[in-house]
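File shown: entry_11.cif. Contents: mmCIF, C-alpha atoms and all ligand atoms.
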```cif
data_structure
#
loop_
_atom_site.label_atom_id
_atom_site.label_comp_id
_atom_site.auth_asym_id
_atom_site.auth_seq_id
_atom_site.Cartn_x
_atom_site.Cartn_y
_atom_site.Cartn_z
CA MET E 1 107.52 164.41 101.07
CA ALA E 2 109.69 161.39 100.45
CA LYS E 3 108.57 159.27 97.55
CA ILE E 4 108.97 155.51 97.62
CA ASN E 5 110.24 153.27 94.84
CA ASN E 6 106.80 152.43 93.56
CA ASN E 7 108.08 149.44 91.64
CA PHE E 8 107.91 147.50 94.92
CA ASN E 9 104.15 148.01 94.94
CA LYS E 10 103.90 146.34 91.54
CA LEU E 11 105.28 143.04 92.86
CA PRO E 12 102.56 140.41 93.08
CA GLY E 13 101.31 139.81 96.60
CA SER E 14 102.75 136.70 98.08
CA TYR E 15 106.21 135.33 97.58
CA LEU E 16 105.99 131.65 96.66
CA PHE E 17 107.55 130.29 99.84
CA SER E 18 105.38 132.47 102.09
CA GLU E 19 102.26 131.06 100.45
CA ILE E 20 103.58 127.51 100.92
CA ALA E 21 104.39 128.28 104.56
CA ARG E 22 100.88 129.68 105.04
CA ARG E 23 99.21 126.57 103.61
CA VAL E 24 101.48 124.24 105.59
CA ALA E 25 100.87 126.16 108.84
CA ALA E 26 97.09 126.08 108.29
CA TYR E 27 97.19 122.33 107.65
CA SER E 28 99.41 121.66 110.67
CA GLN E 29 97.06 123.64 112.88
CA GLU E 30 94.08 121.57 111.67
CA HIS E 31 96.05 118.30 112.04
CA PRO E 32 98.68 118.73 114.77
CA ASP E 33 99.13 114.93 114.95
CA ARG E 34 100.41 114.59 111.35
CA ALA E 35 104.19 114.59 110.88
CA LEU E 36 105.02 116.41 107.67
CA ILE E 37 108.05 115.65 105.51
CA ARG E 38 109.42 118.69 103.70
CA LEU E 39 110.71 118.22 100.19
CA GLY E 40 109.84 121.78 99.28
CA ILE E 41 112.20 124.61 100.14
CA GLY E 42 115.76 124.24 98.85
CA ASP E 43 117.65 124.47 102.13
CA VAL E 44 120.24 121.84 102.97
CA THR E 45 120.15 119.56 106.03
CA ARG E 46 123.63 118.00 106.28
CA PRO E 47 126.07 119.72 108.67
CA LEU E 48 129.06 121.76 107.53
CA PRO E 49 132.07 119.61 106.55
CA ALA E 50 134.40 118.95 109.53
CA ALA E 51 137.29 120.58 107.63
CA VAL E 52 135.23 123.78 107.37
CA THR E 53 134.27 123.96 111.04
CA ALA E 54 137.86 123.17 112.09
CA ALA E 55 139.12 126.07 109.95
CA MET E 56 136.46 128.36 111.35
CA HIS E 57 137.35 127.41 114.96
CA LYS E 58 140.97 128.18 114.20
CA ALA E 59 140.04 131.51 112.67
CA VAL E 60 137.92 132.41 115.70
CA ASP E 61 140.92 131.72 117.95
CA GLU E 62 143.07 133.94 115.74
CA MET E 63 140.52 136.72 116.07
CA ALA E 64 140.96 136.54 119.85
CA THR E 65 144.62 137.60 119.57
CA ALA E 66 146.06 141.01 118.77
CA GLN E 67 148.22 139.58 115.96
CA GLY E 68 145.49 137.42 114.44
CA PHE E 69 142.66 139.92 114.68
CA HIS E 70 141.02 140.93 111.39
CA GLY E 71 138.86 144.02 111.06
CA TYR E 72 137.43 145.18 107.76
CA GLY E 73 138.78 142.92 105.07
CA PRO E 74 139.12 143.59 101.35
CA GLU E 75 135.64 144.16 99.92
CA GLN E 76 136.48 141.73 97.10
CA GLY E 77 137.49 138.90 99.44
CA TYR E 78 140.81 137.76 100.90
CA ASP E 79 143.50 136.67 98.48
CA PHE E 80 143.74 133.24 100.11
CA LEU E 81 140.15 132.49 99.11
CA ARG E 82 140.25 134.16 95.67
CA ASN E 83 143.40 132.19 94.85
CA ALA E 84 141.87 128.92 96.03
CA ILE E 85 138.76 129.52 93.92
CA ALA E 86 140.80 130.40 90.80
CA GLN E 87 142.91 127.30 91.30
CA HIS E 88 140.35 124.65 92.22
CA ASP E 89 137.10 125.79 90.62
CA TYR E 90 138.67 127.00 87.37
CA LYS E 91 142.30 126.13 86.64
CA ALA E 92 141.73 122.50 87.66
CA ARG E 93 139.05 122.36 84.93
CA GLY E 94 141.30 124.02 82.36
CA VAL E 95 139.80 127.51 82.74
CA GLU E 96 141.98 130.57 83.35
CA ILE E 97 140.32 132.97 85.77
CA GLN E 98 142.48 135.50 87.60
CA PRO E 99 141.92 136.04 91.32
CA ASP E 100 141.05 139.71 90.69
CA GLU E 101 138.21 138.59 88.43
CA ILE E 102 136.61 136.91 91.46
CA PHE E 103 134.46 138.86 93.94
CA VAL E 104 133.69 137.01 97.17
CA SER E 105 130.29 137.84 98.62
CA ASP E 106 127.69 136.80 101.17
CA GLY E 107 125.49 135.00 98.67
CA ALA E 108 124.61 134.29 95.07
CA LYS E 109 121.14 135.60 95.89
CA SER E 110 122.53 139.03 96.77
CA ASP E 111 124.87 139.03 93.77
CA CYS E 112 122.17 137.97 91.27
CA GLY E 113 119.95 140.65 92.74
CA ASN E 114 122.58 143.39 93.01
CA ILE E 115 124.18 142.92 89.60
CA GLY E 116 121.39 145.02 88.11
CA ASP E 117 123.01 148.08 89.76
CA ILE E 118 125.67 148.20 87.05
CA PHE E 119 123.20 148.01 84.15
CA HIS E 120 121.01 150.74 82.66
CA ARG E 121 117.34 150.64 83.49
CA ASP E 122 116.41 150.44 79.82
CA ASN E 123 118.03 147.07 79.16
CA VAL E 124 115.71 144.36 77.91
CA VAL E 125 115.90 141.34 80.19
CA ALA E 126 115.34 137.71 79.21
CA VAL E 127 114.51 135.08 81.81
CA CYS E 128 113.65 131.42 81.70
CA ASP E 129 110.10 130.37 82.52
CA PRO E 130 109.98 128.71 85.06
CA VAL E 131 112.66 130.71 86.85
CA TYR E 132 114.40 131.36 90.19
CA PRO E 133 112.19 134.30 91.29
CA VAL E 134 115.09 136.55 92.37
CA TYR E 135 116.05 137.47 88.78
CA VAL E 136 112.51 138.61 87.99
CA ASP E 137 111.68 140.42 91.21
CA THR E 138 114.95 142.37 91.39
CA ASN E 139 114.51 143.59 87.82
CA ALA E 140 110.94 144.54 88.67
CA MET E 141 112.21 146.52 91.68
CA ALA E 142 114.67 148.32 89.40
CA GLY E 143 111.89 149.31 87.01
CA ARG E 144 113.17 147.07 84.25
CA ALA E 145 110.20 144.69 84.11
CA GLY E 146 107.29 147.00 83.27
CA GLU E 147 103.93 146.08 84.79
CA TYR E 148 102.82 142.78 86.25
CA ASP E 149 99.95 141.25 84.29
CA ALA E 150 98.23 138.96 86.77
CA THR E 151 96.02 137.42 84.08
CA VAL E 152 99.05 135.76 82.46
CA GLY E 153 101.41 135.86 85.47
CA ARG E 154 104.02 137.83 83.52
CA TRP E 155 105.75 141.21 83.48
CA THR E 156 105.09 143.26 80.37
CA LYS E 157 108.71 144.20 79.60
CA LEU E 158 110.47 140.92 80.39
CA VAL E 159 111.18 138.44 77.62
CA TYR E 160 110.22 134.96 78.81
CA MET E 161 111.95 131.89 77.45
CA PRO E 162 109.70 128.89 78.09
CA CYS E 163 111.50 125.79 79.36
CA VAL E 164 109.05 122.99 78.79
CA ALA E 165 109.06 119.27 78.05
CA GLU E 166 108.87 120.00 74.29
CA ASN E 167 112.26 121.75 74.28
CA GLY E 168 113.82 119.49 76.91
CA PHE E 169 113.54 122.34 79.47
CA SER E 170 116.20 124.20 77.52
CA PRO E 171 115.48 127.86 76.70
CA GLU E 172 115.53 128.91 73.07
CA ILE E 173 117.33 132.04 71.92
CA PRO E 174 114.72 134.83 71.81
CA GLN E 175 113.58 136.11 68.43
CA THR E 176 113.44 139.69 69.73
CA PRO E 177 116.57 141.65 70.79
CA VAL E 178 117.53 141.26 74.47
CA ASP E 179 120.38 142.81 76.48
CA LEU E 180 120.61 140.81 79.69
CA ILE E 181 120.08 137.05 79.65
CA TYR E 182 119.73 135.12 82.90
CA LEU E 183 120.69 131.47 82.56
CA CYS E 184 120.87 128.96 85.41
CA PHE E 185 122.36 125.48 85.00
CA PRO E 186 121.89 123.02 86.62
CA ASN E 187 118.52 124.69 86.68
CA ASN E 188 116.39 125.63 89.59
CA PRO E 189 113.57 124.55 89.43
CA THR E 190 113.64 122.05 86.53
CA GLY E 191 116.94 120.29 87.30
CA ALA E 192 117.89 120.54 83.60
CA VAL E 193 121.51 121.01 82.54
CA ALA E 194 123.01 122.69 79.46
CA THR E 195 125.36 120.96 77.06
CA ARG E 196 128.53 122.53 75.74
CA GLU E 197 126.85 123.06 72.34
CA GLN E 198 123.84 124.77 73.88
CA LEU E 199 126.05 127.13 75.91
CA LYS E 200 128.21 127.82 72.87
CA ALA E 201 125.09 128.97 70.98
CA TRP E 202 124.26 131.39 73.82
CA VAL E 203 127.81 132.74 73.98
CA ASP E 204 127.95 133.26 70.21
CA HIS E 205 124.58 134.99 70.30
CA ALA E 206 125.63 137.30 73.15
CA ASN E 207 128.92 138.21 71.47
CA ARG E 208 127.10 138.90 68.21
CA THR E 209 124.44 141.12 69.78
CA GLY E 210 126.33 142.69 72.68
CA ALA E 211 124.05 141.05 75.26
CA VAL E 212 125.48 139.98 78.62
CA ILE E 213 124.79 136.48 79.98
CA LEU E 214 124.23 136.34 83.74
CA TYR E 215 125.09 132.71 84.43
CA ASP E 216 124.05 131.19 87.75
CA SER E 217 125.87 127.95 88.45
CA ALA E 218 125.00 127.68 92.14
CA TYR E 219 124.35 123.93 91.63
CA GLU E 220 127.40 123.01 89.54
CA ALA E 221 128.67 120.65 92.27
CA PHE E 222 125.78 118.29 91.47
CA ILE E 223 126.87 117.67 87.88
CA THR E 224 127.76 114.01 87.47
CA ASP E 225 127.92 113.78 83.67
CA PRO E 226 131.53 114.54 82.66
CA ALA E 227 130.38 116.03 79.34
CA ILE E 228 128.38 118.81 81.02
CA PRO E 229 130.25 122.12 81.62
CA HIS E 230 130.41 123.39 85.21
CA SER E 231 131.13 126.96 84.18
CA ILE E 232 130.14 129.25 81.31
CA PHE E 233 133.86 130.07 81.08
CA GLU E 234 134.52 126.56 79.80
CA ILE E 235 132.98 127.90 76.57
CA ASP E 236 135.17 129.79 74.08
CA GLY E 237 134.16 133.42 73.82
CA ALA E 238 132.45 133.62 77.23
CA ARG E 239 135.05 136.02 78.62
CA THR E 240 133.64 138.83 76.48
CA CYS E 241 129.97 138.26 77.27
CA ALA E 242 129.35 136.52 80.60
CA ILE E 243 129.25 136.98 84.35
CA GLU E 244 129.09 133.88 86.55
CA PHE E 245 127.55 133.44 90.00
CA ARG E 246 128.65 130.62 92.30
CA SER E 247 127.88 129.76 95.89
CA PHE E 248 129.15 127.63 98.75
CA SER E 249 125.55 127.25 99.94
CA LYS E 250 124.53 124.05 98.22
CA THR E 251 128.07 122.81 97.54
CA ALA E 252 129.25 122.87 101.14
CA GLY E 253 126.26 123.58 103.35
CA PHE E 254 126.84 127.35 103.67
CA THR E 255 123.16 128.37 103.43
CA GLY E 256 123.34 129.71 106.98
CA THR E 257 127.05 130.57 106.96
CA ARG E 258 126.89 132.74 103.81
CA CYS E 259 129.65 132.76 101.23
CA ALA E 260 129.52 132.93 97.45
CA TYR E 261 131.34 134.61 94.61
CA THR E 262 130.87 136.32 91.26
CA VAL E 263 133.30 136.15 88.34
CA ILE E 264 133.63 139.07 85.92
CA PRO E 265 136.42 138.69 83.34
CA LYS E 266 138.50 141.76 82.57
CA GLU E 267 137.67 141.55 78.85
CA LEU E 268 133.95 142.01 79.48
CA GLU E 269 133.19 145.60 78.47
CA ARG E 270 130.08 147.47 77.39
CA ASP E 271 129.94 151.12 76.34
CA GLY E 272 133.75 151.08 76.55
CA THR E 273 133.64 150.34 80.30
CA PRO E 274 134.95 147.14 81.91
CA LEU E 275 132.16 145.58 83.97
CA ASN E 276 134.77 144.24 86.39
CA SER E 277 135.58 147.86 87.36
CA LEU E 278 131.93 148.80 87.68
CA TRP E 279 131.19 145.84 89.95
CA ASN E 280 134.30 146.55 91.97
CA ARG E 281 133.10 150.13 92.46
CA ARG E 282 129.65 148.92 93.40
CA GLN E 283 130.93 146.40 95.92
CA CYS E 284 133.44 148.80 97.48
CA THR E 285 130.66 151.34 97.97
CA LYS E 286 127.86 149.10 99.19
CA PHE E 287 129.52 146.00 100.68
CA ASN E 288 132.09 145.53 103.42
CA GLY E 289 133.17 141.99 102.75
CA VAL E 290 132.48 138.50 104.06
CA PRO E 291 133.68 137.75 107.62
CA TYR E 292 137.26 136.51 107.89
CA VAL E 293 136.11 133.43 109.82
CA VAL E 294 133.65 132.49 107.08
CA GLN E 295 136.21 132.96 104.31
CA ARG E 296 138.64 130.68 106.17
CA GLY E 297 135.81 128.14 106.34
CA ALA E 298 135.21 128.49 102.59
CA GLU E 299 138.94 128.10 101.88
CA ALA E 300 138.86 124.77 103.74
CA VAL E 301 136.30 123.46 101.24
CA TYR E 302 139.27 123.14 98.85
CA SER E 303 141.56 121.26 101.25
CA PRO E 304 141.94 117.53 100.54
CA GLU E 305 139.75 116.66 103.57
CA GLY E 306 137.24 119.37 102.69
CA ARG E 307 136.91 118.14 99.14
CA ALA E 308 136.39 114.55 100.25
CA GLN E 309 133.75 115.62 102.79
CA VAL E 310 131.92 117.81 100.27
CA LYS E 311 131.91 114.97 97.77
CA GLU E 312 130.34 112.66 100.34
CA THR E 313 127.58 115.15 101.13
CA ILE E 314 126.81 115.81 97.48
CA GLN E 315 126.60 112.04 96.94
CA TYR E 316 124.19 111.77 99.88
CA TYR E 317 121.87 114.31 98.24
CA LEU E 318 122.26 112.72 94.82
CA ASN E 319 121.21 109.39 96.35
CA ASN E 320 118.08 111.10 97.67
CA ALA E 321 117.49 112.55 94.20
CA LYS E 322 117.61 109.05 92.73
CA VAL E 323 115.19 107.73 95.34
CA ILE E 324 112.72 110.52 94.50
CA ARG E 325 113.19 110.23 90.76
CA ASP E 326 112.86 106.46 90.62
CA GLY E 327 110.03 106.36 93.17
CA LEU E 328 107.89 108.93 91.39
CA ALA E 329 108.54 107.34 88.01
CA ALA E 330 107.50 103.96 89.45
CA ALA E 331 104.31 105.64 90.69
CA GLY E 332 103.56 106.66 87.10
CA LEU E 333 104.68 110.31 87.12
CA THR E 334 106.78 111.82 84.34
CA VAL E 335 109.94 113.11 86.01
CA SER E 336 113.06 114.95 84.93
CA GLY E 337 116.07 116.46 86.70
CA GLY E 338 117.66 114.80 89.72
CA GLU E 339 120.61 113.33 87.84
CA ASN E 340 122.93 116.33 87.66
CA SER E 341 120.89 118.35 90.09
CA PRO E 342 119.28 118.23 93.54
CA TYR E 343 115.91 119.16 91.99
CA ILE E 344 113.33 116.79 90.57
CA TRP E 345 110.67 118.25 88.31
CA ALA E 346 107.54 116.09 88.11
CA ARG E 347 104.52 116.44 85.87
CA THR E 348 101.26 116.43 87.82
CA PRO E 349 98.97 113.47 87.07
CA ASP E 350 95.94 113.84 84.78
CA GLY E 351 96.58 117.49 84.00
CA MET E 352 96.01 118.52 87.63
CA GLY E 353 96.98 122.10 88.51
CA SER E 354 100.24 122.40 90.39
CA TRP E 355 98.73 124.03 93.50
CA ASP E 356 96.01 121.32 93.52
CA PHE E 357 98.63 118.60 93.38
CA PHE E 358 100.64 120.41 96.07
CA ASP E 359 97.52 120.43 98.31
CA LYS E 360 96.81 116.76 97.57
CA LEU E 361 100.32 115.69 98.54
CA LEU E 362 100.20 117.91 101.63
CA ARG E 363 96.85 116.57 102.82
CA GLU E 364 97.00 112.94 101.72
CA ALA E 365 100.72 112.14 101.88
CA ASN E 366 101.73 114.81 104.41
CA VAL E 367 104.60 115.71 102.12
CA VAL E 368 105.46 119.35 101.35
CA THR E 369 106.54 120.03 97.76
CA THR E 370 106.78 123.23 95.69
CA PRO E 371 104.12 123.95 93.05
CA GLY E 372 105.74 124.60 89.69
CA ALA E 373 103.36 127.47 88.91
CA GLY E 374 105.13 129.49 91.60
CA PHE E 375 108.20 129.70 89.34
CA GLY E 376 106.31 131.08 86.33
CA PRO E 377 103.40 130.22 84.03
CA SER E 378 105.31 127.44 82.24
CA GLY E 379 105.74 125.73 85.63
CA GLU E 380 102.00 125.10 85.75
CA GLY E 381 101.32 121.36 85.72
CA TYR E 382 104.54 120.54 87.58
CA ILE E 383 105.85 120.24 91.11
CA ARG E 384 109.42 120.55 92.31
CA LEU E 385 110.89 118.19 94.89
CA THR E 386 114.29 118.68 96.47
CA ALA E 387 116.88 116.11 97.44
CA PHE E 388 118.18 118.14 100.39
CA GLY E 389 116.25 116.21 103.08
CA GLU E 390 117.32 113.39 105.40
CA ALA E 391 117.71 110.11 103.53
CA ASP E 392 115.19 108.18 105.68
CA ALA E 393 112.62 110.95 105.56
CA THR E 394 113.04 111.22 101.80
CA ARG E 395 112.49 107.49 101.37
CA GLN E 396 109.43 107.65 103.60
CA ALA E 397 108.04 110.65 101.70
CA VAL E 398 108.39 108.81 98.40
CA GLU E 399 106.61 105.75 99.83
CA ARG E 400 103.77 107.95 101.04
CA ILE E 401 103.44 109.63 97.64
CA LYS E 402 103.37 106.22 95.94
CA VAL E 403 100.50 105.14 98.18
CA VAL E 404 98.52 108.28 97.37
CA LEU E 405 99.06 107.84 93.64
N1 LIG E 501 120.81 130.84 92.71
C1 LIG E 501 119.92 129.86 92.65
C2 LIG E 501 119.48 129.34 91.33
C3 LIG E 501 119.35 129.35 93.83
O1 LIG E 501 118.42 128.39 93.76
C4 LIG E 501 119.76 129.86 95.07
C5 LIG E 501 119.22 129.37 96.34
O2 LIG E 501 118.29 128.68 96.46
C6 LIG E 501 120.71 130.88 95.07
C7 LIG E 501 121.22 131.35 93.87
C8 LIG E 501 121.10 131.52 96.36
O3 LIG E 501 122.33 131.14 96.81
P1 LIG E 501 122.97 131.78 98.10
O4 LIG E 501 122.60 130.93 99.26
O5 LIG E 501 124.44 131.80 97.82
O6 LIG E 501 122.44 133.17 98.26
#
```

Would you write the structure of this file as structure tokens?
Amino acid sequence: MAKINNNFNKLPGSYLFSEIARRVAAYSQEHPDRALIRLGIGDVTRPLPAAVTAAMHKAVDEMATAQGFHGYGPEQGYDFLRNAIAQHDYKARGVEIQPDEIFVSDGAKSDCGNIGDIFHRDNVVAVCDPVYPVYVDTNAMAGRAGEYDATVGRWTKLVYMPCVAENGFSPEIPQTPVDLIYLCFPNNPTGAVATREQLKAWVDHANRTGAVILYDSAYEAFITDPAIPHSIFEIDGARTCAIEFRSFSKTAGFTGTRCAYTVIPKELERDGTPLNSLWNRRQCTKFNGVPYVVQRGAEAVYSPEGRAQVKETIQYYLNNAKVIRDGLAAAGLTVSGGENSPYIWARTPDGMGSWDFFDKLLREANVVTTPGAGFGPSGEGYIRLTAFGEADATRQAVERIKVVL
């Protein structure tokens, strides 16, 4: 008889966003007259940049001709896009990344989840707490996380790095040996960023111990402070210890269009094997590339018009972030994030539990947020709000929250 991967059965019952959806649906059914404003899930609302849709239209027309038709493309992505990424996302910031170190994919979520394929099951994994749940759940599925202990909300074999107010939401280097270290800056959910010095300490640690840093910079486009690095590869030594994940989702509205990429430098080797080759083998075997039309759309993000349009959209969301941040602070909440990030991390008032505060804001302000506890035990006592909504709705939501508080 076929046996299943029993690690799936160890995953705790409800995925955070399903539980939120359940509570919101139940409330809406009880109160169909109440218009909810959603500052919870991190999906974007602004349309694709005009330069992107124009490029995609053009690519669709090409596909309708015998000469312009594209079938299976290179699994690693078309050269035109890999070159544009190397040029604009790296070289323009003084970082040398070769196009064949870039693997175009259908999402940073898939890449962060799939990267575990190239690592041994026995690696010890370190994650931030709170954390983007994909890192944890995919390691649990691979059998790398041990058992889930519901009493503490943690997996027995994972090493958790608390990111709390006391350490400025910046993880500290673990005291115990770890092999794979997931870092995400600007951070989801806390909105914290990492300084050059902080990243340098991680890179030095990884090079000293042989660990690999899995660096998720899906939100780098929101960095406004010129001193904050956008890429781990801005740090000396990162080429021998880090893999970076990037996405067009939040930068250019590709959440429904799907395009991202992963960078693995040629120098990064473990057990005498280049990880670039392993990932290439993995992708060629399990992935057949991102659609030509989508990659043409992504390429247009780097055109002069595309860049101007992306900048405008990012500014729109950053304005929302400021409205949320300032509004909640004025209402007496302790807030962080939202300056180099679309996420605002707010302490609940009077030590209230994060699900209780979520329910209060849902019922009394008709605003949907995300309870911090859903991202890990150290998220208890916080909620996350996102700046990805409509500007007017965001303003209205903040006014409603102020009234409730
Ligand atoms: N990484 C982080 C930290 C995220 O928050 C998200 C999406 O919310 C992703 C990756 C997923 O990006 P993509 O849409 O490219 O799969």

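You can rank E:Lys91, E:Ala211, E:Tyr135, E:Thr156 by their closest distance to Asp271 in chain E using only C-alpha atoms, and at the top of that list sits E:Ala211.
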
What are the nearest atom pairs, with distances in Å to one decimal, for all residues of chain E that come at most 6 Å from ligand LIG 501 (chain E), using only C-alpha atoms and all ligand atoms, set out by chain and rising residue number as a tab-separated table?
```
residue	atom	partner	partner_atom	distance
E:Gly42	CA	E:LIG501	O2	5.6
E:Gly107	CA	E:LIG501	O5	3.5
E:Ala108	CA	E:LIG501	O5	3.7
E:Lys109	CA	E:LIG501	O6	3.6
E:Tyr132	CA	E:LIG501	C2	5.6
E:Asn188	CA	E:LIG501	C2	5.1
E:Asp216	CA	E:LIG501	N1	5.9
E:Ala218	CA	E:LIG501	N1	5.3
E:Ser247	CA	E:LIG501	O5	4.4
E:Ser249	CA	E:LIG501	O4	4.8
E:Thr255	CA	E:LIG501	O4	4.9
E:Ala260	CA	E:LIG501	O5	5.2
```

Take the residues just selected and output them with C-alpha atoms as a compact mmCIF listing (two decimals), keeping the file's coordinate frame.
```
# COMPACT_ATOMS: atom_id res chain seq x y z
CA GLY E 42 115.76 124.24 98.85
CA GLY E 107 125.49 135.00 98.67
CA ALA E 108 124.61 134.29 95.07
CA LYS E 109 121.14 135.60 95.89
CA TYR E 132 114.40 131.36 90.19
CA ASN E 188 116.39 125.63 89.59
CA ASP E 216 124.05 131.19 87.75
CA ALA E 218 125.00 127.68 92.14
CA SER E 247 127.88 129.76 95.89
CA SER E 249 125.55 127.25 99.94
CA THR E 255 123.16 128.37 103.43
CA ALA E 260 129.52 132.93 97.45
```

What are the closest atom pairs, with distances in Å to one decimal, for all residues of range 110-185 of chain E lying within 8 Å of range 279-289 of chain E? Consider all atoms listed in the file, order rows by chain and residue number, and present the result as JSON lines.
```
{"residue": "E:Ile115", "atom": "CA", "partner": "E:Trp279", "partner_atom": "CA", "distance": 7.6}
{"residue": "E:Asp117", "atom": "CA", "partner": "E:Arg282", "partner_atom": "CA", "distance": 7.6}
{"residue": "E:Ile118", "atom": "CA", "partner": "E:Trp279", "partner_atom": "CA", "distance": 6.7}
```

Quick one: write out the picked residues with C-alpha atoms as an mmCIF file, keeping the file's coordinate frame?
```
data_model
loop_
_atom_site.group_PDB
_atom_site.id
_atom_site.type_symbol
_atom_site.label_atom_id
_atom_site.label_comp_id
_atom_site.auth_asym_id
_atom_site.auth_seq_id
_atom_site.Cartn_x
_atom_site.Cartn_y
_atom_site.Cartn_z
ATOM 1 C CA ILE E 115 124.180 142.920 89.600
ATOM 2 C CA ASP E 117 123.010 148.080 89.760
ATOM 3 C CA ILE E 118 125.670 148.200 87.050
#
```

*May I ask which of the residues E:Thr138, E:Ser105, E:Gln309, E:Asn340 is the closest one to Arg121 in chain E, counting only C-alpha atoms?*
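Distance minimum relative to Arg121 in chain E lands on E:Thr138.
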
_I need the residue nearest Ile401 in chain E from this list: E:Thr151, E:Thr369, E:Gln295, E:Thr209. Use only C-alpha atoms for the distance._
E:Thr369

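Nearest-residue note for Tyr182 in chain E: choosing from E:Thr334, E:Asn139, E:Ser28, E:Asn7, the minimum distance belongs to E:Asn139, counting all atoms listed in the file.
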
*Could you jot down the CA of Ile344 in chain E to CA of Ala21 in chain E separation for me, Å, one decimal place?*
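Answer for the CA of Ile344 in chain E to CA of Ala21 in chain E separation: 20.2 Å.
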
_Here's a test: counting all atoms listed in the file, identify every protein, DNA and RNA residue with an atom at most 7 Å from (118.7, 139.6, 82.4) in the file's coordinate frame, and state them as a list of chain:residue names._
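Answer for this query, in the requested form: E:Val125, E:Ala126, E:Val127, E:Asp179, E:Leu180, E:Ile181, E:Tyr182, E:Leu214.
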
Range 76-188 of chain E near range 10-17 of chain E within 12 Å: what's each residue's closest atom pair and its distance in Å to one decimal, counting only C-alpha atoms, ordered by chain then ascending residue number, as JSON lines?
```
{"residue": "E:Val131", "atom": "CA", "partner": "E:Leu16", "partner_atom": "CA", "distance": 11.9}
{"residue": "E:Tyr132", "atom": "CA", "partner": "E:Leu16", "partner_atom": "CA", "distance": 10.6}
{"residue": "E:Pro133", "atom": "CA", "partner": "E:Leu16", "partner_atom": "CA", "distance": 8.6}
{"residue": "E:Val134", "atom": "CA", "partner": "E:Tyr15", "partner_atom": "CA", "distance": 10.4}
{"residue": "E:Val136", "atom": "CA", "partner": "E:Leu11", "partner_atom": "CA", "distance": 9.8}
{"residue": "E:Asp137", "atom": "CA", "partner": "E:Leu11", "partner_atom": "CA", "distance": 7.1}
{"residue": "E:Thr138", "atom": "CA", "partner": "E:Leu11", "partner_atom": "CA", "distance": 9.8}
{"residue": "E:Asn139", "atom": "CA", "partner": "E:Leu11", "partner_atom": "CA", "distance": 10.5}
{"residue": "E:Ala140", "atom": "CA", "partner": "E:Leu11", "partner_atom": "CA", "distance": 7.2}
{"residue": "E:Met141", "atom": "CA", "partner": "E:Leu11", "partner_atom": "CA", "distance": 7.8}
{"residue": "E:Ala142", "atom": "CA", "partner": "E:Lys10", "partner_atom": "CA", "distance": 11.2}
{"residue": "E:Gly143", "atom": "CA", "partner": "E:Lys10", "partner_atom": "CA", "distance": 9.7}
{"residue": "E:Arg144", "atom": "CA", "partner": "E:Lys10", "partner_atom": "CA", "distance": 11.8}
{"residue": "E:Ala145", "atom": "CA", "partner": "E:Lys10", "partner_atom": "CA", "distance": 9.9}
{"residue": "E:Gly146", "atom": "CA", "partner": "E:Lys10", "partner_atom": "CA", "distance": 9.0}
{"residue": "E:Glu147", "atom": "CA", "partner": "E:Lys10", "partner_atom": "CA", "distance": 6.8}
{"residue": "E:Tyr148", "atom": "CA", "partner": "E:Lys10", "partner_atom": "CA", "distance": 6.5}
{"residue": "E:Asp149", "atom": "CA", "partner": "E:Pro12", "partner_atom": "CA", "distance": 9.2}
{"residue": "E:Ala150", "atom": "CA", "partner": "E:Pro12", "partner_atom": "CA", "distance": 7.8}
{"residue": "E:Thr151", "atom": "CA", "partner": "E:Pro12", "partner_atom": "CA", "distance": 11.5}
{"residue": "E:Gly153", "atom": "CA", "partner": "E:Pro12", "partner_atom": "CA", "distance": 8.9}
{"residue": "E:Arg154", "atom": "CA", "partner": "E:Pro12", "partner_atom": "CA", "distance": 10.0}
{"residue": "E:Trp155", "atom": "CA", "partner": "E:Leu11", "partner_atom": "CA", "distance": 9.6}
{"residue": "E:Thr156", "atom": "CA", "partner": "E:Lys10", "partner_atom": "CA", "distance": 11.6}
```

Could you take the residues named above and write them with C-alpha atoms, as an mmCIF file, in the coordinates of the input?
```cif
data_model
loop_
_atom_site.group_PDB
_atom_site.id
_atom_site.type_symbol
_atom_site.label_atom_id
_atom_site.label_comp_id
_atom_site.auth_asym_id
_atom_site.auth_seq_id
_atom_site.Cartn_x
_atom_site.Cartn_y
_atom_site.Cartn_z
ATOM 1 C CA VAL E 131 112.660 130.710 86.850
ATOM 2 C CA TYR E 132 114.400 131.360 90.190
ATOM 3 C CA PRO E 133 112.190 134.300 91.290
ATOM 4 C CA VAL E 134 115.090 136.550 92.370
ATOM 5 C CA VAL E 136 112.510 138.610 87.990
ATOM 6 C CA ASP E 137 111.680 140.420 91.210
ATOM 7 C CA THR E 138 114.950 142.370 91.390
ATOM 8 C CA ASN E 139 114.510 143.590 87.820
ATOM 9 C CA ALA E 140 110.940 144.540 88.670
ATOM 10 C CA MET E 141 112.210 146.520 91.680
ATOM 11 C CA ALA E 142 114.670 148.320 89.400
ATOM 12 C CA GLY E 143 111.890 149.310 87.010
ATOM 13 C CA ARG E 144 113.170 147.070 84.250
ATOM 14 C CA ALA E 145 110.200 144.690 84.110
ATOM 15 C CA GLY E 146 107.290 147.000 83.270
ATOM 16 C CA GLU E 147 103.930 146.080 84.790
ATOM 17 C CA TYR E 148 102.820 142.780 86.250
ATOM 18 C CA ASP E 149 99.950 141.250 84.290
ATOM 19 C CA ALA E 150 98.230 138.960 86.770
ATOM 20 C CA THR E 151 96.020 137.420 84.080
ATOM 21 C CA GLY E 153 101.410 135.860 85.470
ATOM 22 C CA ARG E 154 104.020 137.830 83.520
ATOM 23 C CA TRP E 155 105.750 141.210 83.480
ATOM 24 C CA THR E 156 105.090 143.260 80.370
#
```
